[in-house]
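structure-v4.txt (compact mmCIF, N, CA and C atoms) appears below.
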# COMPACT_ATOMS: atom_id res chain seq x y z
N MET A 234 0.86 -1.18 0.00
CA MET A 234 0.00 0.00 0.00
C MET A 234 0.91 1.25 0.00
N GLU A 235 0.58 2.23 -0.85
CA GLU A 235 1.43 3.41 -0.92
C GLU A 235 1.29 4.26 0.34
N LYS A 236 2.33 5.04 0.62
CA LYS A 236 2.42 5.79 1.87
C LYS A 236 1.23 6.72 2.09
N ASN A 237 0.78 7.44 1.07
CA ASN A 237 -0.33 8.37 1.21
C ASN A 237 -1.61 7.67 1.66
N LYS A 238 -1.86 6.47 1.12
CA LYS A 238 -3.03 5.69 1.51
C LYS A 238 -2.94 5.25 2.97
N ILE A 239 -1.76 4.87 3.40
CA ILE A 239 -1.54 4.46 4.79
C ILE A 239 -1.79 5.64 5.73
N GLU A 240 -1.27 6.82 5.38
CA GLU A 240 -1.47 8.02 6.20
C GLU A 240 -2.96 8.36 6.29
N GLU A 241 -3.66 8.25 5.15
CA GLU A 241 -5.08 8.56 5.12
C GLU A 241 -5.85 7.59 6.01
N LYS A 242 -5.52 6.31 5.94
CA LYS A 242 -6.18 5.30 6.77
C LYS A 242 -5.91 5.56 8.25
N GLY A 243 -4.67 5.93 8.58
CA GLY A 243 -4.32 6.22 9.97
C GLY A 243 -5.12 7.39 10.51
N PHE A 244 -5.27 8.41 9.71
CA PHE A 244 -6.04 9.59 10.12
C PHE A 244 -7.51 9.23 10.30
N GLU A 245 -8.04 8.46 9.36
CA GLU A 245 -9.45 8.07 9.42
C GLU A 245 -9.74 7.13 10.59
N LEU A 246 -8.72 6.49 11.09
CA LEU A 246 -8.88 5.63 12.26
C LEU A 246 -9.33 6.44 13.46
N PHE A 247 -8.84 7.67 13.56
CA PHE A 247 -9.14 8.52 14.70
C PHE A 247 -10.27 9.52 14.45
N PHE A 248 -10.46 9.91 13.21
CA PHE A 248 -11.42 10.97 12.89
C PHE A 248 -12.31 10.59 11.73
N ARG A 249 -13.52 11.12 11.75
CA ARG A 249 -14.37 11.02 10.56
C ARG A 249 -13.81 12.01 9.56
N LYS A 250 -13.56 11.54 8.38
CA LYS A 250 -12.81 12.30 7.38
C LYS A 250 -13.47 13.63 6.98
N LYS A 251 -14.72 13.61 6.56
CA LYS A 251 -15.37 14.81 6.02
C LYS A 251 -15.50 15.93 7.06
N PRO A 252 -16.02 15.66 8.27
CA PRO A 252 -16.09 16.75 9.25
C PRO A 252 -14.72 17.33 9.60
N SER A 253 -13.73 16.45 9.72
CA SER A 253 -12.38 16.93 10.03
C SER A 253 -11.84 17.79 8.91
N MET A 254 -12.04 17.33 7.67
CA MET A 254 -11.56 18.10 6.52
C MET A 254 -12.26 19.46 6.44
N MET A 255 -13.54 19.50 6.79
CA MET A 255 -14.27 20.77 6.75
C MET A 255 -13.69 21.76 7.75
N LEU A 256 -13.44 21.30 8.97
CA LEU A 256 -12.87 22.20 9.98
C LEU A 256 -11.50 22.71 9.54
N VAL A 257 -10.67 21.83 9.04
CA VAL A 257 -9.33 22.23 8.61
C VAL A 257 -9.41 23.17 7.41
N ALA A 258 -10.31 22.90 6.47
CA ALA A 258 -10.48 23.78 5.30
C ALA A 258 -10.93 25.16 5.74
N LEU A 259 -11.85 25.22 6.68
CA LEU A 259 -12.32 26.52 7.18
C LEU A 259 -11.20 27.27 7.89
N LYS A 260 -10.33 26.56 8.55
CA LYS A 260 -9.21 27.19 9.27
C LYS A 260 -8.17 27.72 8.30
N LYS A 261 -7.87 26.96 7.27
CA LYS A 261 -6.79 27.32 6.35
C LYS A 261 -7.12 28.55 5.50
N ILE A 262 -8.33 28.69 5.08
CA ILE A 262 -8.70 29.78 4.18
C ILE A 262 -9.44 30.86 4.95
N THR A 263 -8.97 32.08 4.80
CA THR A 263 -9.57 33.18 5.55
C THR A 263 -10.69 33.88 4.78
N ARG A 264 -10.81 33.63 3.47
CA ARG A 264 -11.86 34.29 2.71
C ARG A 264 -13.22 33.66 3.04
N ALA A 265 -14.27 34.28 2.59
CA ALA A 265 -15.63 33.83 2.89
C ALA A 265 -15.85 32.40 2.40
N ARG A 266 -16.58 31.66 3.18
CA ARG A 266 -16.89 30.26 2.85
C ARG A 266 -18.39 30.08 2.70
N TYR A 267 -18.76 29.37 1.68
CA TYR A 267 -20.15 29.02 1.44
C TYR A 267 -20.26 27.51 1.47
N GLY A 268 -21.44 27.01 1.78
CA GLY A 268 -21.65 25.57 1.87
C GLY A 268 -21.31 24.82 0.60
N SER A 269 -21.70 25.36 -0.54
CA SER A 269 -21.45 24.66 -1.80
C SER A 269 -19.96 24.59 -2.11
N VAL A 270 -19.22 25.65 -1.83
CA VAL A 270 -17.78 25.67 -2.06
C VAL A 270 -17.08 24.67 -1.14
N LEU A 271 -17.48 24.68 0.12
CA LEU A 271 -16.89 23.77 1.10
C LEU A 271 -17.18 22.31 0.74
N ALA A 272 -18.39 22.03 0.28
CA ALA A 272 -18.75 20.67 -0.14
C ALA A 272 -17.83 20.19 -1.26
N LYS A 273 -17.55 21.04 -2.21
CA LYS A 273 -16.66 20.67 -3.32
C LYS A 273 -15.24 20.43 -2.81
N GLU A 274 -14.79 21.25 -1.88
CA GLU A 274 -13.42 21.11 -1.36
C GLU A 274 -13.20 19.80 -0.63
N VAL A 275 -14.20 19.33 0.07
CA VAL A 275 -14.04 18.09 0.82
C VAL A 275 -14.65 16.90 0.09
N ASP A 276 -15.09 17.13 -1.14
CA ASP A 276 -15.59 16.08 -2.01
C ASP A 276 -16.79 15.34 -1.42
N CYS A 277 -17.84 16.11 -1.13
CA CYS A 277 -19.09 15.50 -0.70
C CYS A 277 -20.25 16.29 -1.29
N THR A 278 -21.43 15.74 -1.18
CA THR A 278 -22.60 16.43 -1.72
C THR A 278 -22.94 17.63 -0.85
N TYR A 279 -23.67 18.55 -1.42
CA TYR A 279 -24.08 19.74 -0.67
C TYR A 279 -24.95 19.35 0.53
N SER A 280 -25.89 18.41 0.32
CA SER A 280 -26.78 18.02 1.42
C SER A 280 -26.00 17.35 2.56
N HIS A 281 -25.00 16.56 2.22
CA HIS A 281 -24.17 15.94 3.26
C HIS A 281 -23.38 17.01 4.01
N ALA A 282 -22.85 17.97 3.27
CA ALA A 282 -22.09 19.07 3.89
C ALA A 282 -22.98 19.85 4.86
N VAL A 283 -24.22 20.10 4.46
CA VAL A 283 -25.16 20.85 5.31
C VAL A 283 -25.42 20.09 6.61
N LYS A 284 -25.61 18.79 6.53
CA LYS A 284 -25.85 17.98 7.73
C LYS A 284 -24.64 18.04 8.68
N ILE A 285 -23.46 17.93 8.11
CA ILE A 285 -22.24 18.01 8.93
C ILE A 285 -22.12 19.38 9.55
N LEU A 286 -22.36 20.43 8.76
CA LEU A 286 -22.25 21.79 9.27
C LEU A 286 -23.27 22.08 10.37
N GLN A 287 -24.46 21.52 10.24
CA GLN A 287 -25.47 21.69 11.29
C GLN A 287 -25.01 21.04 12.59
N ALA A 288 -24.41 19.86 12.48
CA ALA A 288 -23.89 19.18 13.68
C ALA A 288 -22.74 19.99 14.28
N LEU A 289 -21.88 20.54 13.43
CA LEU A 289 -20.76 21.36 13.93
C LEU A 289 -21.27 22.64 14.59
N GLU A 290 -22.36 23.18 14.05
CA GLU A 290 -22.95 24.38 14.66
C GLU A 290 -23.52 24.05 16.04
N GLU A 291 -24.17 22.91 16.17
CA GLU A 291 -24.72 22.49 17.47
C GLU A 291 -23.61 22.32 18.51
N MET A 292 -22.42 21.95 18.04
CA MET A 292 -21.28 21.77 18.93
C MET A 292 -20.53 23.08 19.16
N ASP A 293 -21.05 24.16 18.60
CA ASP A 293 -20.44 25.49 18.71
C ASP A 293 -19.04 25.55 18.10
N LEU A 294 -18.88 24.85 16.96
CA LEU A 294 -17.59 24.87 16.26
C LEU A 294 -17.63 25.77 15.04
N VAL A 295 -18.82 25.95 14.46
CA VAL A 295 -18.99 26.88 13.34
C VAL A 295 -20.20 27.76 13.61
N MET A 296 -20.22 28.88 12.92
CA MET A 296 -21.40 29.75 12.98
C MET A 296 -21.70 30.22 11.57
N PHE A 297 -22.95 30.57 11.36
CA PHE A 297 -23.38 31.05 10.06
C PHE A 297 -23.70 32.53 10.16
N GLU A 298 -23.22 33.27 9.19
CA GLU A 298 -23.51 34.69 9.11
C GLU A 298 -24.27 34.91 7.81
N LYS A 299 -25.49 35.38 7.93
CA LYS A 299 -26.33 35.55 6.75
C LYS A 299 -26.03 36.89 6.08
N LYS A 300 -25.73 36.82 4.79
CA LYS A 300 -25.52 38.03 3.98
C LYS A 300 -26.46 37.92 2.79
N GLY A 301 -27.59 38.57 2.90
CA GLY A 301 -28.60 38.43 1.85
C GLY A 301 -29.14 37.02 1.85
N ARG A 302 -29.07 36.36 0.70
CA ARG A 302 -29.56 34.98 0.59
C ARG A 302 -28.48 33.96 0.90
N ILE A 303 -27.26 34.43 1.11
CA ILE A 303 -26.13 33.52 1.29
C ILE A 303 -25.73 33.43 2.76
N LYS A 304 -25.43 32.21 3.19
CA LYS A 304 -24.91 31.99 4.54
C LYS A 304 -23.41 31.80 4.45
N ILE A 305 -22.68 32.63 5.16
CA ILE A 305 -21.23 32.50 5.21
C ILE A 305 -20.88 31.68 6.45
N ILE A 306 -19.98 30.74 6.29
CA ILE A 306 -19.60 29.84 7.38
C ILE A 306 -18.28 30.31 7.98
N LYS A 307 -18.25 30.41 9.29
CA LYS A 307 -17.04 30.81 9.99
C LYS A 307 -16.80 29.88 11.17
N LEU A 308 -15.54 29.67 11.48
CA LEU A 308 -15.21 28.90 12.68
C LEU A 308 -15.38 29.79 13.90
N THR A 309 -15.86 29.20 14.97
CA THR A 309 -15.88 29.89 16.25
C THR A 309 -14.48 29.78 16.84
N LYS A 310 -14.27 30.42 17.97
CA LYS A 310 -12.97 30.31 18.64
C LYS A 310 -12.68 28.83 18.98
N LYS A 311 -13.69 28.16 19.51
CA LYS A 311 -13.55 26.73 19.84
C LYS A 311 -13.27 25.92 18.57
N GLY A 312 -13.93 26.24 17.47
CA GLY A 312 -13.72 25.56 16.20
C GLY A 312 -12.30 25.76 15.68
N GLN A 313 -11.79 26.99 15.82
CA GLN A 313 -10.40 27.28 15.42
C GLN A 313 -9.43 26.40 16.20
N GLU A 314 -9.67 26.32 17.48
CA GLU A 314 -8.78 25.55 18.35
C GLU A 314 -8.80 24.06 17.99
N ILE A 315 -9.98 23.52 17.81
CA ILE A 315 -10.10 22.10 17.48
C ILE A 315 -9.51 21.82 16.09
N ALA A 316 -9.75 22.69 15.13
CA ALA A 316 -9.17 22.52 13.79
C ALA A 316 -7.65 22.51 13.87
N GLY A 317 -7.08 23.35 14.73
CA GLY A 317 -5.63 23.36 14.93
C GLY A 317 -5.13 22.04 15.50
N TYR A 318 -5.86 21.49 16.45
CA TYR A 318 -5.48 20.19 17.03
C TYR A 318 -5.56 19.09 15.97
N ILE A 319 -6.61 19.11 15.16
CA ILE A 319 -6.76 18.11 14.11
C ILE A 319 -5.60 18.19 13.13
N GLU A 320 -5.22 19.40 12.73
CA GLU A 320 -4.08 19.58 11.83
C GLU A 320 -2.80 19.02 12.44
N SER A 321 -2.59 19.31 13.73
CA SER A 321 -1.39 18.82 14.42
C SER A 321 -1.34 17.30 14.46
N ILE A 322 -2.46 16.68 14.76
CA ILE A 322 -2.52 15.22 14.82
C ILE A 322 -2.29 14.64 13.43
N LYS A 323 -2.91 15.24 12.42
CA LYS A 323 -2.73 14.77 11.04
C LYS A 323 -1.25 14.84 10.66
N ASP A 324 -0.58 15.94 11.02
CA ASP A 324 0.85 16.09 10.73
C ASP A 324 1.68 15.03 11.44
N LEU A 325 1.35 14.73 12.70
CA LEU A 325 2.07 13.70 13.45
C LEU A 325 1.90 12.33 12.80
N ILE A 326 0.69 12.02 12.35
CA ILE A 326 0.44 10.73 11.72
C ILE A 326 1.22 10.63 10.41
N GLU A 327 1.27 11.72 9.67
CA GLU A 327 1.98 11.71 8.38
C GLU A 327 3.49 11.62 8.55
N GLN A 328 4.02 11.96 9.71
CA GLN A 328 5.46 11.87 9.96
C GLN A 328 5.93 10.43 10.14
N SER A 329 5.02 9.56 10.48
CA SER A 329 5.38 8.15 10.75
C SER A 329 5.93 7.46 9.54

Target encoding structure tokens, full file:
Amino acid sequence: MEKNKIEEKGFELFFRKKPSMMLVALKKITRARYGSVLAKEVDCTYSHAVKILQALEEMDLVMFEKKGRIKIIKLTKKGQEIAGYIESIKDLIEQS
């Protein structure tokens, strides 16, 4: 098995891939985020992304800011912190 696949499997052992990727994607990019853009970035359907984002909002990890008809997604302070931890763990796993 190639190294990248092993790293991905190791990361998925500890975390659900899509929610983790969403938090990290939101942390990495400072420009405005929309649900459809985020769904494409983490390679999932829009409806699946919305369900994940709703769960993350309930956990106070993301918040939605409405601008007209569009909802902009932002990490909360707690979300920023957790996304940072996820990135650190992912980096440690990839070092192996």

- Message: Which residues are near Asp276 of chain A? Cut-off 8 Å, only N, CA and C atoms, ignore same chain within fewer than 5 positions. Put them as a PyMOL selection string.
- Response: chain A and resi 251+270-271

- Residue set, chain A restricted to strand (DSSP E), as a ChimeraX atom specification: /A:295-300,303-308

Kindly assemble as a tab-separated table a list of the segment 269-292 of chain A residues that lie within 8 Å of segment 253-263 of chain A, each paired with its nearest atom pair and their distance in Å to one decimal, using all atoms listed in the file, sorted first by chain and then by ascending residue number.
residue	atom	partner	partner_atom	distance
A:Leu271	C	A:Met255	CA	6.9
A:Ala272	N	A:Met255	CA	7.8
A:Glu274	C	A:Met254	C	7.1
A:Val275	CA	A:Met254	C	6.1

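Each of A:Gln328, A:Lys273, A:Val295, A:Thr278 was checked against Gln313 of chain A using only N, CA and C atoms; the smallest atom-to-atom distance is that of A:Val295.
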
- Could you please determine the separation between atom CA of Ala288 of chain A and atom CA of Ser321 of chain A in Å, to one decimal place?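 So the two atoms, atom CA of Ala288 of chain A and atom CA of Ser321 of chain A, lie 22.5 Å apart.
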
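Taking atom CA of Lys310 of chain A as the reference point, atom N of His281 of chain A is found at 24.6 Å.
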
- Message: Let me make sure I understand: among A:Leu286, A:Lys299, A:Ser280, A:Asp293, which one has the smallest atom-to-atom distance to Gly312 of chain A if we use only N, CA and C atoms?
- Response: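 That would be A:Asp293, the residue with the smallest distance to Gly312 of chain A.
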
- Message: I need the residues in chain A that are helix (DSSP H, G or I) according to DSSP; give them as a VMD selection string.
- Response: chain A and resid 236 to 247 250 to 261 268 to 274 279 to 291 310 to 328

- Task: Would you mind reading off the distance between atom CA of Leu246 of chain A and atom N of Leu294 of chain A, one decimal, in Å?
- Result: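 Separating atom CA of Leu246 of chain A from atom N of Leu294 of chain A is a distance of 22.2 Å.
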
- Query: Near Tyr267 of chain A, counting only N, CA and C atoms, which residues have an atom at most 6 Å away, once you skip same-chain residues fewer than 5 positions from it, shown as a list in words?
  - Reply: Ala272, Lys304, Ile305 and Ile306 of chain A

Output the selection as a PDB file, keeping the file's coordinate frame - N, CA and C atoms for each residue.
ATOM      1  N   ALA A 272     -18.390  22.030   0.280  1.00  0.00           N
ATOM      2  CA  ALA A 272     -18.750  20.670  -0.140  1.00  0.00           C
ATOM      3  C   ALA A 272     -17.830  20.190  -1.260  1.00  0.00           C
ATOM      4  N   LYS A 304     -25.430  32.210   3.190  1.00  0.00           N
ATOM      5  CA  LYS A 304     -24.910  31.990   4.540  1.00  0.00           C
ATOM      6  C   LYS A 304     -23.410  31.800   4.450  1.00  0.00           C
ATOM      7  N   ILE A 305     -22.680  32.630   5.160  1.00  0.00           N
ATOM      8  CA  ILE A 305     -21.230  32.500   5.210  1.00  0.00           C
ATOM      9  C   ILE A 305     -20.880  31.680   6.450  1.00  0.00           C
ATOM     10  N   ILE A 306     -19.980  30.740   6.290  1.00  0.00           N
ATOM     11  CA  ILE A 306     -19.600  29.840   7.380  1.00  0.00           C
ATOM     12  C   ILE A 306     -18.280  30.310   7.980  1.00  0.00           C
TER      13      ILE A 306
END

Centre and edge lengths of an axis-aligned box around all listed atoms of segment 287-306 of chain A, with 6 Å added on each side, are to be given in Å to one decimal, as lines of an AutoDock Vina configuration file.
center_x = -23.6
center_y = 28.9
center_z = 9.9
size_x = 24.0
size_y = 31.4
size_z = 30.6
